[in-house]
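*Asks:* Sharing my_file05.cif here; it has mmCIF, C-alpha atoms and all ligand atoms.
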```cif
data_work
loop_
_atom_site.label_atom_id
_atom_site.label_comp_id
_atom_site.auth_asym_id
_atom_site.auth_seq_id
_atom_site.Cartn_x
_atom_site.Cartn_y
_atom_site.Cartn_z
CA MET M 285 57.19 -53.86 -11.66
CA PRO M 286 54.20 -54.89 -9.57
CA ARG M 287 52.11 -57.72 -10.89
CA THR M 288 48.48 -57.07 -11.82
CA PRO M 289 46.72 -56.68 -8.50
CA PRO M 290 43.40 -58.24 -7.55
CA THR M 291 40.62 -55.76 -6.92
CA HIS M 292 38.04 -56.39 -4.25
CA SER M 293 37.31 -55.24 -0.73
CA ILE M 294 37.23 -56.97 2.64
CA ASN M 295 34.52 -55.67 4.90
CA LYS M 296 34.66 -56.38 8.65
CA LYS M 297 31.63 -55.29 10.59
CA GLY M 298 31.77 -56.14 14.27
CA GLN M 299 31.07 -54.93 17.74
CA LEU M 300 33.69 -52.20 17.50
CA GLY M 301 32.46 -50.82 14.19
CA ARG M 302 33.41 -51.13 10.57
CA ALA M 303 36.78 -51.59 8.93
CA ARG M 304 37.25 -51.99 5.20
CA ILE M 305 40.31 -52.87 3.15
CA TRP M 306 40.42 -52.56 -0.64
CA VAL M 307 42.89 -54.93 -2.27
CA GLY M 308 45.03 -53.54 -5.07
CA ASP M 309 47.39 -50.69 -5.94
CA CYS M 310 46.39 -47.69 -3.84
CA ARG M 311 46.84 -45.39 -6.83
CA GLY M 312 43.86 -47.05 -8.49
CA MET M 313 41.93 -48.26 -5.45
CA LEU M 314 41.70 -45.01 -3.49
CA SER M 315 39.08 -43.67 -5.87
CA GLU M 316 36.94 -46.77 -5.07
CA ILE M 317 36.58 -45.69 -1.45
CA PRO M 318 33.43 -43.57 -1.02
CA GLU M 319 34.92 -41.48 1.83
CA VAL M 320 37.96 -40.67 -0.32
CA ARG M 321 35.84 -39.78 -3.35
CA ALA M 322 33.74 -37.48 -1.16
CA GLY M 323 36.81 -35.80 0.40
CA LYS M 324 35.65 -36.91 3.85
CA VAL M 325 38.78 -38.49 5.27
CA ASP M 326 39.78 -36.97 8.62
CA LEU M 327 43.19 -38.59 9.04
CA VAL M 328 45.61 -40.31 6.68
CA PHE M 329 48.43 -42.43 8.05
CA ALA M 330 50.84 -43.77 5.42
CA ASP M 331 53.81 -46.10 5.89
CA PRO M 332 54.76 -46.76 2.26
CA PRO M 333 57.33 -49.21 0.91
CA PHE M 334 60.72 -47.43 1.22
CA ASN M 335 62.15 -48.81 -2.04
CA TRP M 336 64.67 -50.79 0.02
CA SER M 337 64.20 -54.04 -1.94
CA ARG M 338 62.20 -55.58 0.89
CA ALA M 339 60.56 -58.92 0.17
CA TYR M 340 56.93 -57.89 0.37
CA ASP M 341 54.38 -60.57 -0.39
CA GLN M 342 53.54 -59.09 -3.81
CA TRP M 343 54.90 -55.58 -4.23
CA ASP M 344 58.26 -55.13 -6.02
CA ASP M 345 60.19 -52.79 -3.70
CA SER M 346 63.00 -51.80 -6.05
CA MET M 347 61.97 -49.12 -8.52
CA PRO M 348 64.35 -46.79 -10.33
CA GLU M 349 64.63 -43.66 -8.18
CA ALA M 350 62.71 -41.32 -10.50
CA GLU M 351 59.87 -43.82 -10.77
CA TYR M 352 59.68 -44.17 -6.99
CA VAL M 353 59.45 -40.39 -6.60
CA GLU M 354 56.67 -40.29 -9.20
CA PHE M 355 54.85 -43.13 -7.39
CA THR M 356 55.23 -41.30 -4.08
CA GLU M 357 53.87 -38.03 -5.41
CA GLU M 358 50.91 -39.79 -6.97
CA TRP M 359 49.74 -41.60 -3.84
CA ILE M 360 50.27 -38.50 -1.72
CA ARG M 361 48.25 -36.40 -4.16
CA ARG M 362 45.40 -38.93 -4.18
CA CYS M 363 45.33 -39.12 -0.36
CA HIS M 364 45.44 -35.33 -0.16
CA ASP M 365 42.44 -35.10 -2.52
CA GLY M 366 40.44 -37.41 -0.24
CA LEU M 367 41.26 -35.44 2.91
CA ARG M 368 38.82 -32.91 4.33
CA ALA M 369 40.02 -29.35 4.86
CA GLY M 370 41.76 -29.31 8.24
CA GLY M 371 42.40 -33.07 8.04
CA ALA M 372 45.79 -34.49 8.96
CA MET M 373 48.25 -36.55 6.94
CA TRP M 374 51.05 -38.47 8.64
CA ILE M 375 53.82 -40.05 6.59
CA ASN M 376 56.34 -42.54 8.02
CA ILE M 377 59.46 -42.25 5.88
CA PRO M 378 63.25 -42.76 6.17
CA ASP M 379 66.03 -40.22 5.50
CA ASP M 380 66.21 -41.21 1.82
CA TRP M 381 62.91 -39.55 0.89
CA ALA M 382 61.86 -37.24 3.74
CA ALA M 383 63.22 -34.04 2.17
CA GLU M 384 61.54 -34.62 -1.21
CA ILE M 385 58.22 -35.36 0.48
CA VAL M 386 58.31 -32.26 2.67
CA VAL M 387 59.06 -30.03 -0.31
CA TYR M 388 56.33 -31.68 -2.39
CA CYS M 389 53.66 -31.44 0.33
CA LYS M 390 54.48 -27.85 1.22
CA ARG M 391 55.29 -26.33 -2.15
CA LYS M 392 53.09 -28.32 -4.56
CA LEU M 393 50.12 -29.24 -2.36
CA GLY M 394 50.19 -26.25 -0.02
CA MET M 395 50.00 -28.41 3.10
CA LYS M 396 51.17 -27.12 6.46
CA LEU M 397 53.87 -29.03 8.29
CA ILE M 398 52.80 -29.15 11.96
CA ASN M 399 55.52 -31.45 13.32
CA TRP M 400 58.52 -33.29 11.96
CA CYS M 401 58.66 -36.10 14.51
CA VAL M 402 61.26 -38.83 14.70
CA TRP M 403 60.58 -42.41 15.65
CA HIS M 404 63.81 -43.58 17.26
CA TYR M 405 64.42 -47.31 17.63
CA ARG M 406 67.39 -49.34 18.83
CA PHE M 407 68.51 -52.54 17.06
CA GLY M 408 68.81 -51.01 13.61
CA GLN M 409 70.94 -53.00 11.19
CA ASN M 410 74.66 -52.68 12.06
CA THR M 411 76.83 -50.79 9.56
CA LYS M 412 80.60 -50.26 9.73
CA GLY M 413 81.23 -47.54 7.16
CA ARG M 414 78.61 -45.04 8.32
CA PHE M 415 76.37 -44.39 11.29
CA ILE M 416 73.71 -46.96 12.02
CA ASN M 417 70.15 -46.05 11.03
CA SER M 418 68.05 -45.72 14.15
CA LYS M 419 65.16 -43.51 13.12
CA VAL M 420 62.32 -42.93 10.72
CA HIS M 421 60.64 -39.57 10.20
CA ALA M 422 57.00 -39.16 11.14
CA LEU M 423 55.83 -36.14 9.17
CA TYR M 424 52.63 -34.48 10.34
CA PHE M 425 50.89 -32.26 7.77
CA VAL M 426 47.51 -30.56 7.75
CA LYS M 427 45.39 -29.59 4.78
CA PRO M 428 44.59 -25.90 5.28
CA GLY M 429 41.14 -24.38 5.14
CA GLY M 430 39.40 -26.17 8.00
CA GLU M 431 39.67 -26.90 11.68
CA ARG M 432 42.56 -29.09 12.77
CA THR M 433 41.71 -31.86 15.23
CA TRP M 434 44.12 -31.94 18.16
CA ASN M 435 43.50 -33.86 21.38
CA ALA M 436 46.33 -33.56 23.88
CA GLU M 437 44.63 -35.19 26.86
CA PRO M 438 44.66 -38.86 25.76
CA ILE M 439 48.38 -38.79 24.90
CA LEU M 440 49.85 -36.91 27.88
CA GLU M 441 52.93 -38.33 29.58
CA THR M 442 54.64 -37.64 32.90
CA SER M 443 56.96 -34.66 32.66
CA ASP M 444 60.69 -35.04 33.30
CA ARG M 445 60.33 -32.42 36.01
CA ARG M 446 58.13 -34.79 37.97
CA ALA M 447 59.75 -38.09 36.94
CA ILE M 448 63.38 -37.09 37.53
CA TYR M 449 63.36 -34.28 40.04
CA GLY M 450 59.99 -34.58 41.79
CA ASP M 451 59.90 -30.80 41.44
CA PRO M 452 56.79 -29.41 43.21
CA ARG M 453 56.43 -26.68 40.56
CA THR M 454 55.11 -29.31 38.16
CA GLU M 455 52.14 -29.95 40.46
CA SER M 456 50.66 -26.48 39.97
CA LYS M 457 51.12 -25.77 36.30
CA ARG M 458 49.82 -22.66 34.63
CA ASP M 459 49.84 -24.01 31.09
CA GLY M 460 46.47 -25.71 31.42
CA MET M 461 47.96 -29.21 31.56
CA PRO M 462 47.08 -31.56 34.42
CA ALA M 463 49.64 -31.66 37.24
CA GLY M 464 52.89 -33.43 36.34
CA LEU M 465 51.90 -34.17 32.75
CA ARG M 466 52.92 -32.80 29.36
CA VAL M 467 52.44 -33.39 25.64
CA PRO M 468 55.18 -35.83 24.47
CA MET M 469 58.23 -34.41 22.69
CA ASP M 470 58.74 -34.86 18.95
CA VAL M 471 61.28 -37.71 19.29
CA TRP M 472 59.54 -40.98 20.15
CA TYR M 473 61.36 -43.85 21.83
CA GLY M 474 61.30 -46.14 24.83
CA GLU M 475 59.43 -49.18 26.05
CA TYR M 476 57.08 -50.61 23.40
CA TRP M 477 58.60 -48.34 20.73
CA GLY M 478 61.09 -50.90 19.37
CA ARG M 479 60.76 -52.38 15.91
CA VAL M 480 58.30 -55.24 16.08
CA GLN M 481 60.57 -58.27 15.85
CA GLY M 482 61.49 -61.55 17.53
CA ASN M 483 59.16 -62.60 20.31
CA ASN M 484 57.43 -59.21 20.61
CA LYS M 485 53.84 -59.97 21.64
CA GLU M 486 52.51 -57.66 18.93
CA ARG M 487 54.25 -59.47 16.13
CA ARG M 488 52.25 -60.88 13.26
CA GLY M 489 54.56 -63.52 11.83
CA TYR M 490 53.53 -63.01 8.23
CA HIS M 491 54.49 -59.33 7.91
CA ASP M 492 57.90 -58.11 9.03
CA ASN M 493 57.45 -54.34 8.55
CA GLN M 494 55.01 -53.81 11.33
CA LEU M 495 54.85 -50.54 13.29
CA PRO M 496 54.36 -50.60 17.07
CA GLU M 497 50.80 -50.08 18.27
CA VAL M 498 51.86 -47.21 20.58
CA TYR M 499 52.97 -45.19 17.54
CA LEU M 500 49.57 -45.43 15.84
CA GLU M 501 47.74 -44.93 19.11
CA ARG M 502 49.55 -41.61 19.66
CA VAL M 503 48.75 -40.41 16.13
CA ILE M 504 45.13 -41.56 16.05
CA LEU M 505 44.15 -40.34 19.51
CA SER M 506 45.74 -36.92 19.06
CA CYS M 507 44.63 -36.23 15.49
CA SER M 508 41.15 -37.74 15.17
CA ASN M 509 37.93 -38.15 17.13
CA PRO M 510 35.68 -41.17 17.62
CA GLY M 511 33.56 -41.68 14.51
CA ASN M 512 36.18 -40.05 12.23
CA VAL M 513 37.42 -41.69 9.03
CA VAL M 514 41.02 -42.93 9.16
CA LEU M 515 42.71 -43.97 5.91
CA ASP M 516 45.88 -46.04 5.48
CA PRO M 517 46.86 -46.59 1.83
CA PHE M 518 49.53 -49.18 2.83
CA THR M 519 47.64 -51.32 5.34
CA GLY M 520 50.36 -54.02 5.69
CA SER M 521 49.73 -56.06 8.83
CA GLY M 522 46.90 -53.71 9.82
CA THR M 523 48.42 -51.65 12.66
CA THR M 524 46.52 -48.47 11.73
CA GLY M 525 43.31 -50.45 11.28
CA VAL M 526 43.49 -52.30 14.57
CA VAL M 527 44.19 -49.13 16.58
CA ALA M 528 41.62 -47.03 14.68
CA ARG M 529 38.84 -49.54 15.14
CA GLU M 530 39.68 -50.22 18.77
CA HIS M 531 39.28 -46.49 19.42
CA GLY M 532 35.98 -46.18 17.59
CA ARG M 533 37.22 -44.68 14.31
CA LEU M 534 36.05 -45.85 10.91
CA PHE M 535 38.99 -47.51 9.15
CA VAL M 536 39.44 -47.60 5.39
CA GLY M 537 42.61 -48.96 3.84
CA THR M 538 44.19 -50.26 0.67
CA GLU M 539 46.74 -53.07 0.42
CA PHE M 540 48.42 -54.55 -2.64
CA SER M 541 48.71 -58.10 -1.29
CA ASN M 542 45.54 -60.11 -0.87
CA GLU M 543 47.21 -62.30 1.77
CA ASN M 544 48.34 -59.27 3.81
CA ALA M 545 44.87 -57.75 3.55
CA LEU M 546 43.21 -60.95 4.79
CA ARG M 547 45.57 -61.22 7.74
CA ALA M 548 45.20 -57.54 8.55
CA ALA M 549 41.42 -57.99 8.62
CA GLU M 550 41.83 -60.89 11.08
CA ARG M 551 44.08 -58.76 13.25
CA ILE M 552 41.65 -55.85 13.21
CA GLU M 553 38.96 -58.27 14.36
CA ALA M 554 41.18 -59.62 17.16
CA GLY M 555 41.96 -56.16 18.61
CA MET M 556 44.96 -54.40 20.09
CA ILE M 557 47.57 -55.96 22.36
CA ARG M 558 48.81 -52.79 24.06
CA LYS M 559 45.88 -50.46 24.33
CA GLY M 560 46.63 -47.45 26.55
CA VAL M 561 49.93 -48.79 27.96
CA LEU M 562 51.68 -45.42 27.70
CA LYS M 563 48.99 -43.20 29.16
CA GLY M 564 50.66 -40.93 31.72
CA VAL M 565 53.93 -42.89 31.64
CA SER M 566 57.29 -41.09 31.68
CA SER M 567 59.73 -41.20 28.76
CA ALA M 568 62.59 -39.76 30.87
CA ILE M 569 66.02 -41.15 30.08
CA HIS M 570 67.44 -40.46 33.57
CA PRO M 571 66.34 -42.25 36.72
CA ASN M 572 64.57 -40.40 39.48
CA ARG M 573 67.42 -38.47 41.09
CA ARG M 574 65.70 -38.04 44.41
CA LYS M 575 65.24 -41.74 44.97
CA THR M 576 68.42 -43.18 43.51
CA GLY M 577 71.12 -41.42 45.51
CA PRO M 578 72.34 -38.30 47.23
CA ARG M 579 71.79 -35.10 45.29
CA THR M 580 75.08 -33.72 44.03
CA LYS M 581 76.13 -30.14 44.62
CA ARG M 582 76.94 -28.06 41.62
CA VAL M 583 80.65 -27.11 41.59
CA THR M 584 81.28 -23.66 40.23
CA ALA M 585 84.63 -23.00 38.55
CA LYS M 586 86.62 -20.23 40.19
C1 LIG X 1 55.81 -50.81 5.13
S1 LIG X 1 54.46 -51.87 4.87
C2 LIG X 1 53.21 -51.17 5.91
C3 LIG X 1 53.26 -51.72 7.29
C4 LIG X 1 52.16 -51.24 8.20
N1 LIG X 1 52.32 -49.85 8.56
C5 LIG X 1 52.10 -52.10 9.44
O1 LIG X 1 52.32 -51.59 10.56
O2 LIG X 1 51.88 -53.29 9.30
C6 LIG X 1 53.93 -51.43 3.28
C7 LIG X 1 52.73 -52.25 2.78
O3 LIG X 1 52.25 -51.60 1.61
C8 LIG X 1 51.88 -52.57 0.65
N2 LIG X 1 51.99 -51.89 -0.66
C9 LIG X 1 53.10 -51.62 -1.38
N3 LIG X 1 52.80 -50.92 -2.48
C10 LIG X 1 51.46 -50.72 -2.46
C11 LIG X 1 50.56 -50.06 -3.33
N4 LIG X 1 50.97 -49.47 -4.44
N5 LIG X 1 49.26 -50.03 -2.99
C12 LIG X 1 48.82 -50.63 -1.86
N6 LIG X 1 49.63 -51.29 -1.01
C13 LIG X 1 50.93 -51.33 -1.29
C14 LIG X 1 52.87 -53.71 0.84
O4 LIG X 1 52.32 -54.92 0.38
C15 LIG X 1 53.07 -53.67 2.37
O5 LIG X 1 52.18 -54.55 3.00
#
```
If you convert what's in this file into structure tokens, what do you get?
*Replies:*
Amino acid sequence: MPRTPPTHSINKKGQLGRARIWVGDCRGMLSEIPEVRAGKVDLVFADPPFNWSRAYDQWDDSMPEAEYVEFTEEWIRRCHDGLRAGGAMWINIPDDWAAEIVVYCKRKLGMKLINWCVWHYRFGQNTKGRFINSKVHALYFVKPGGERTWNAEPILETSDRRAIYGDPRTESKRDGMPAGLRVPMDVWYGEYWGRVQGNNKERRGYHDNQLPEVYLERVILSCSNPGNVVLDPFTGSGTTGVVAREHGRLFVGTEFSNENALRAAERIEAGMIRKGVLKGVSSAIHPNRRKTGPRTKRVTAK
């Protein structure tokens, strides 16, 4: 079981705005956050421990299954209570628990599932007796009863139609999107989307469960506005905080480990490494067919 956590908050107030991290178990600490108490959170992003026996600085990541499910439902319920009507909740979760969480959020809390995205990464741990894990689910819920924030423009990418085929039809689109661009699909992969390991420039040595900045940038830009309150109950190395603050959101977080919280606060102060690197970029998995060789004729079977 977790040891008794410390309880205090780290307050960073700088040029880019405020970011605050409360140190302790989120189940107790969330009610200390004024914006949560007032139900004024606009966006929750949660990347909880997966109960995979990971060596976190303080948290014991190996609960009996029933206890883990109880823990999960409690932190989700507390985050949901702090969310404004229309606010969004994103949960990053592996296969093991995704189904239980979706049923709980929809059936017990009445939340609406907007997207069930998948974060696909290469270099998962090799396994011989079953398929190798190469994804985590990114579940996007909204609390009904208010206006949902959705900004497509800052996250648009180049469409496959333009990137692969150079098809002129993409230059005069009738769907209201700028020429050659589209909203990304619900499976996320590609450059900068790998797990943050090795000599990755983003890596914070102390914390080895860090999400890529591009992931949080996509979520925060599309689902919140400048000045909005963004909450992360499992701050970790501070990825949500650093992206939120860099984009002018007010960050509030909780973190069980004092050491993690201190380092996250330093990172938030230092700023992002990869701000805006994916804006307008293509995620196509085929090369441009016009440039890379003769176009092949389709052969029709007789
Ligand atoms: C998977 S990591 C989050 C990583 C984070 N998304 C990032 O990109 O750095 C989970 C974090 O939650 C913290 N944690 C675990 N249980 C917690 C709890 N009950 N309350 C608050 N923090 C907790 C762990 O110490 C760990 O830093």
*Asks:* Could you list, as a ChimeraX atom specification, every residue within 8 Å of M:Tyr473, counting only C-alpha atoms and ignoring same-chain residues fewer than 6 positions away?
*Replies:* /M:403-405,567
*Asks:* The selected residues should be written to file as a CSV table (one decimal), in the coordinates of the input (atoms: C-alpha atoms).
*Replies:*
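Listed below is the output, part07.csv:
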```csv
chain,number,residue,atom,x,y,z
M,403,TRP,CA,60.6,-42.4,15.6
M,404,HIS,CA,63.8,-43.6,17.3
M,405,TYR,CA,64.4,-47.3,17.6
M,567,SER,CA,59.7,-41.2,28.8
```
*Asks:* Could you list, as a list in words, all protein and nucleic acid residues with an atom at most 6 Å from ligand LIG 1 (chain X), counting all atoms listed in the file?
*Replies:*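 Going residue by residue within 6 Å of ligand LIG 1 (chain X), we get Gly308, Asp309, Cys310, Asp331, Pro332, Pro333, Tyr340, Trp343, Asn493, Gln494, Leu495, Pro517, Phe518, Thr519, Gly520, Ser521, Gly522, Thr523, Thr538, Glu539, Phe540 and Ser541 of chain M.
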*Asks:* So how many Å separate atom CA of M:Asp344 and atom CA of M:Glu543, to one decimal?
*Replies:*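 Atom CA of M:Asp344 sits 15.3 Å away from atom CA of M:Glu543.
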*Asks:* Taking all atoms listed in the file into account, which of M:Glu437, M:Glu384, M:Glu431, M:Asp492 comes nearest M:Leu465?
*Replies:*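 Nearest candidate to M:Leu465 out of M:Glu437, M:Glu384, M:Glu431, M:Asp492: M:Glu437.
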*Asks:* For M:Glu497, find every residue with an atom within 7 Å (counting all atoms listed in the file), except residues of its own chain fewer than 3 positions away, and show them as a PDB file with C-alpha atoms, in the coordinates of the input.
*Replies:*
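So selection29.pdb came out as:
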```
ATOM      1  CA  LEU M 500      49.570 -45.430  15.840  1.00  0.00           C
ATOM      2  CA  GLU M 501      47.740 -44.930  19.110  1.00  0.00           C
ATOM      3  CA  THR M 523      48.420 -51.650  12.660  1.00  0.00           C
ATOM      4  CA  VAL M 527      44.190 -49.130  16.580  1.00  0.00           C
ATOM      5  CA  ARG M 558      48.810 -52.790  24.060  1.00  0.00           C
TER       6      ARG M 558
END
```
*Asks:* Interatomic distance between atom CA of M:Arg529 and atom CA of M:His364?
*Replies:* 21.9 Å
*Asks:* Find, counting all atoms listed in the file, the residue in M:Leu505, M:Val471, M:Val320, M:Val307 that gets nearest to M:Asp365.
*Replies:*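 Between M:Leu505, M:Val471, M:Val320, M:Val307, the residue approaching M:Asp365 most closely is M:Val320.
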*Asks:* Can you list, as a PDB file with C-alpha atoms, in the coordinates of the input, every protein, DNA or RNA residue that comes within 10 Å of M:Arg406 when you count all atoms listed in the file, leaving out same-chain residues fewer than 5 positions away?
*Replies:*
```
ATOM      1  CA  ILE M 416      73.710 -46.960  12.020  1.00  0.00           C
ATOM      2  CA  ASN M 417      70.150 -46.050  11.030  1.00  0.00           C
ATOM      3  CA  SER M 418      68.050 -45.720  14.150  1.00  0.00           C
ATOM      4  CA  LYS M 419      65.160 -43.510  13.120  1.00  0.00           C
ATOM      5  CA  TYR M 473      61.360 -43.850  21.830  1.00  0.00           C
ATOM      6  CA  GLY M 474      61.300 -46.140  24.830  1.00  0.00           C
ATOM      7  CA  TRP M 477      58.600 -48.340  20.730  1.00  0.00           C
ATOM      8  CA  GLY M 478      61.090 -50.900  19.370  1.00  0.00           C
ATOM      9  CA  ARG M 479      60.760 -52.380  15.910  1.00  0.00           C
TER      10      ARG M 479
END
```
*Asks:* Please compute the atom CA of M:Arg391-atom CA of M:Phe425 distance, one decimal, in Å.
*Replies:*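 About the pair atom CA of M:Arg391 and atom CA of M:Phe425: they are 12.4 Å apart.
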*Asks:* Counting only C-alpha atoms, what is within 9 Å of M:Glu530, bar same-chain residues fewer than 6 positions away, as a list in words?
*Replies:*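 These residues fall inside the cut-off: Leu300, Gly301, Ile552, Gly555, Met556 and Lys559 of chain M.
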*Asks:* Hey, can you spit out that residue selection with C-alpha atoms as a PDB file, in the frame of the given file?
*Replies:*
```pdb
ATOM      1  CA  LEU M 300      33.690 -52.200  17.500  1.00  0.00           C
ATOM      2  CA  GLY M 301      32.460 -50.820  14.190  1.00  0.00           C
ATOM      3  CA  ILE M 552      41.650 -55.850  13.210  1.00  0.00           C
ATOM      4  CA  GLY M 555      41.960 -56.160  18.610  1.00  0.00           C
ATOM      5  CA  MET M 556      44.960 -54.400  20.090  1.00  0.00           C
ATOM      6  CA  LYS M 559      45.880 -50.460  24.330  1.00  0.00           C
TER       7      LYS M 559
END
```
*Asks:* List the spatial neighbours of M:Asp345 as a PDB file with C-alpha atoms, in the coordinates of the input - criterion: any atom at most 8 Å away, only C-alpha atoms, same-chain residues fewer than 6 positions off excluded.
*Replies:*
```pdb
ATOM      1  CA  PRO M 333      57.330 -49.210   0.910  1.00  0.00           C
ATOM      2  CA  PHE M 334      60.720 -47.430   1.220  1.00  0.00           C
ATOM      3  CA  ASN M 335      62.150 -48.810  -2.040  1.00  0.00           C
ATOM      4  CA  TRP M 336      64.670 -50.790   0.020  1.00  0.00           C
ATOM      5  CA  SER M 337      64.200 -54.040  -1.940  1.00  0.00           C
ATOM      6  CA  ARG M 338      62.200 -55.580   0.890  1.00  0.00           C
ATOM      7  CA  ALA M 339      60.560 -58.920   0.170  1.00  0.00           C
TER       8      ALA M 339
END
```
*Asks:* Within 12 Å of (34.2, -61.8, 14.0), only C-alpha atoms: residues as an MDAnalysis selection string?
*Replies:* chainID M and resid 295:303 549:555
*Asks:* Return the single residue from M:Trp381, M:Pro510, M:Gln481, M:Val536 that is closest to M:Gly408, with distances computed using only C-alpha atoms.
*Replies:*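 Closest candidate: M:Gln481.
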*Asks:* Point out the residue among M:Asn410, M:Thr433, M:Thr442, M:Ser315 with the least atom-to-atom distance to M:Ser566, counting only C-alpha atoms.
*Replies:*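 Among the listed residues, the smallest separation from M:Ser566 belongs to M:Thr442.
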*Asks:* For a quick check of your reading of the model, name the residues lying within 12 Å of the coordinate (36.3, -37.1, 0.3), counting only C-alpha atoms, and write them as a ChimeraX atom specification.
*Replies:* /M:314-328,362-369,371,513-515
